[in-house]
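Engineer: Take a look at the following structure, please.
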Amino acid sequence: MRLDRFLSQQGLGTRKGVKKIINACRVKVNNKIVTDNTIYIYGDDIITVDDKQIENLPYITILLNKPEGYISSLIDETYPSILNLIPDRYKKRVKIVGRLDADTTGLILLTDNGVLNARLTNPNYHIQKRYKVVVNHILKPSLVDIFSSPIDIGRNEVVQPDKLEIVDEYTAYLTIHDGKYHEVKRLFGKFSYDVVSLERVNLATLSLGDLKRGEWRLIQGDEYISLLSSVHLKKEDTL
Ligand code: URA
């Protein structure tokens with residue numbers, strides 16, 4: 001990201017104002033004074049203004065373990081937004097990547113990297129999402145084969161699940177990539193199962209790990225680079 005845009009985003013003023021700060025030799029990148037406001041900075045550069053370090057996150061990507069009873073959009077009359085679960089300083093910058101139902105828990109991303117967001121939600125990129133599914137009656141082993149072929153889920157929508165792994169009588173992991181509205185519930189509904197609990201455990205290269213419900217963490221370093229590469233992006237592409 002360009003230095004002037006970055007400093008402006010950090011609340012140091014308009015682009016014009018920030019340019020003045022840079023011209024006044026008050027800004028250092030990796031301990032060297034810079035006077036060129038157009039240089040590009042990267043996530044691992046150390047930026048200081050008047051020798052005070054500025055948190056250098058040109059882009060923010062947050063992984064949240066969504067609890068039940070929160071919605072993954074901005075406003076709803078019944079449920080609070082998942083944005084209430086992240087700090088105010090990030091809340092204004094990020095957008096939610098895709099949607100989970102209010103009663104679905106687990107991995108959801110928020111980012112201000114628009115290209116990353118668009119690609120992660122574009123079905124052409126075949127981003128895999130893995131869900132832990134608990135259903136209301138015994139899972140038939142034949143479902144594994146059935147879910148390996150395209151399935152008509154109604155409303156003229158046919159999807160191709162990636163993999164069904166049955167864990168026990170009522171529990172399975174389902175991996176999908178299409179991202180249709182209520183896709184998992186509609187897939188199981190087609191075979192007369194109700195989904196009684198749904199948790200997203202993986203998205204692209206990311207997993208929930210030991211993050212507790214309602215907790216979040218920043219995606220940085222190698223984890224961020226791997227996420228970018230899953231949608232054919234490099235760190236430099238989106239700056
Ligand atoms: N499929 C669903 O049915 N619900 C979700 O929240 C996500 C995928």
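Going through the structure tokens in order, the chains are called A, B, and so on, while each chain numbers its residues from 1 and the ligands are numbered from 1 in the order shown.
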Can you list, as a PyMOL selection string, every protein, DNA or RNA residue that comes within 9 Å of segment 40-52 of chain A when you count only C-alpha atoms, leaving out same-chain residues fewer than 2 positions away?

Structural biologist: chain A and resi 1-4+6+21-22+25-31+37-38+54-59+220-221+235-236+239

Engineer: If the limit is 7 Å from any atom of ligand 1, counting only C-alpha atoms and all ligand atoms, which residues qualify? Return them as a list in words.

Structural biologist: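 Result of the 7 Å neighbour search around ligand 1: Arg99, Leu100, Asp101, Thr104, Gly179, Tyr181, His182, Glu183, Val184, Lys185 and Arg186 of chain A.
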
Engineer: Store the residues picked out above, limited to C-alpha atoms, as a CSV table (one decimal), in the first residue's frame.

Structural biologist:
```
chain,number,residue,atom,x,y,z
A,99,ARG,CA,-22.4,-15.3,5.1
A,100,LEU,CA,-23.2,-17.8,7.8
A,101,ASP,CA,-26.8,-18.2,9.2
A,104,THR,CA,-24.4,-21.4,12.3
A,179,GLY,CA,-21.6,-21.2,-1.6
A,181,TYR,CA,-27.8,-19.8,0.0
A,182,HIS,CA,-28.4,-22.3,2.9
A,183,GLU,CA,-26.5,-24.8,0.8
A,184,VAL,CA,-25.7,-27.3,3.6
A,185,LYS,CA,-29.2,-27.3,5.0
A,186,ARG,CA,-30.7,-27.7,1.6
```

Engineer: For Leu218 of chain A, which of A:Leu187, A:Leu12, A:Leu206, A:Val144 is the closest residue, counting only C-alpha atoms?

Structural biologist: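 Ranking A:Leu187, A:Leu12, A:Leu206, A:Val144 by distance to Leu218 of chain A, first place goes to A:Leu206.
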
Engineer: Extract the full set of strand (DSSP E) residues from segment 4-211 of chain A according to DSSP on the backbone, and format it as a VMD selection string.

Structural biologist: chain A and resid 27 to 29 32 to 33 47 to 49 52 to 54 61 to 66 95 to 97 105 to 111 129 to 135 151 to 152 158 to 159 163 to 166 171 to 176 195 to 203 206 to 207

Engineer: Could you pull out the alpha helix (DSSP H) residues of segment 11-209 of chain A from DSSP and send them as an NGL selection string?

Structural biologist: :A and (15-23 or 88-91 or 114-120 or 143-146 or 183-189)

Engineer: If we count only C-alpha atoms and set the cut-off at 6 Å, which residues sit around Leu110 of chain A, ignoring sequence neighbours fewer than 6 positions away in its own chain? Please answer as a PyMOL selection string.

Structural biologist: chain A and resi 61-62+94-97

Engineer: From the set A:Lys140, A:Arg15, A:Lys129, A:Arg217, which residue has the shortest atom-to-atom contact distance to Pro161 of chain A, counting only C-alpha atoms?

Structural biologist: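 When distances to Pro161 of chain A are compared using only C-alpha atoms, the smallest one comes from A:Lys129.
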
Engineer: For Asp162 of chain A, list every protein, DNA or RNA residue within 8 Å, evaluated using only C-alpha atoms, and leave out those in the same chain fewer than 5 positions away; present the list as a count of residues only.

Structural biologist: 7

Engineer: I'd like the contact shell of Val135 of chain A - 12 Å cut-off, only C-alpha atoms, skipping same-chain residues fewer than 5 positions apart - returned as a ChimeraX atom specification.

Structural biologist: /A:140,166-174,184-185,187-189,191-198

Engineer: Residues near Lys212 of chain A, anyone? I mean within 12 Å using only C-alpha atoms, not counting same-chain ones fewer than 3 positions away, as a list in words.

Structural biologist: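 Returned residues: Leu63, Leu64, Asn65, Lys66, Pro67, Thr105, Gly106, Leu107, Val201, Leu208, Gly209, Glu215, Trp216 and Arg217 of chain A.
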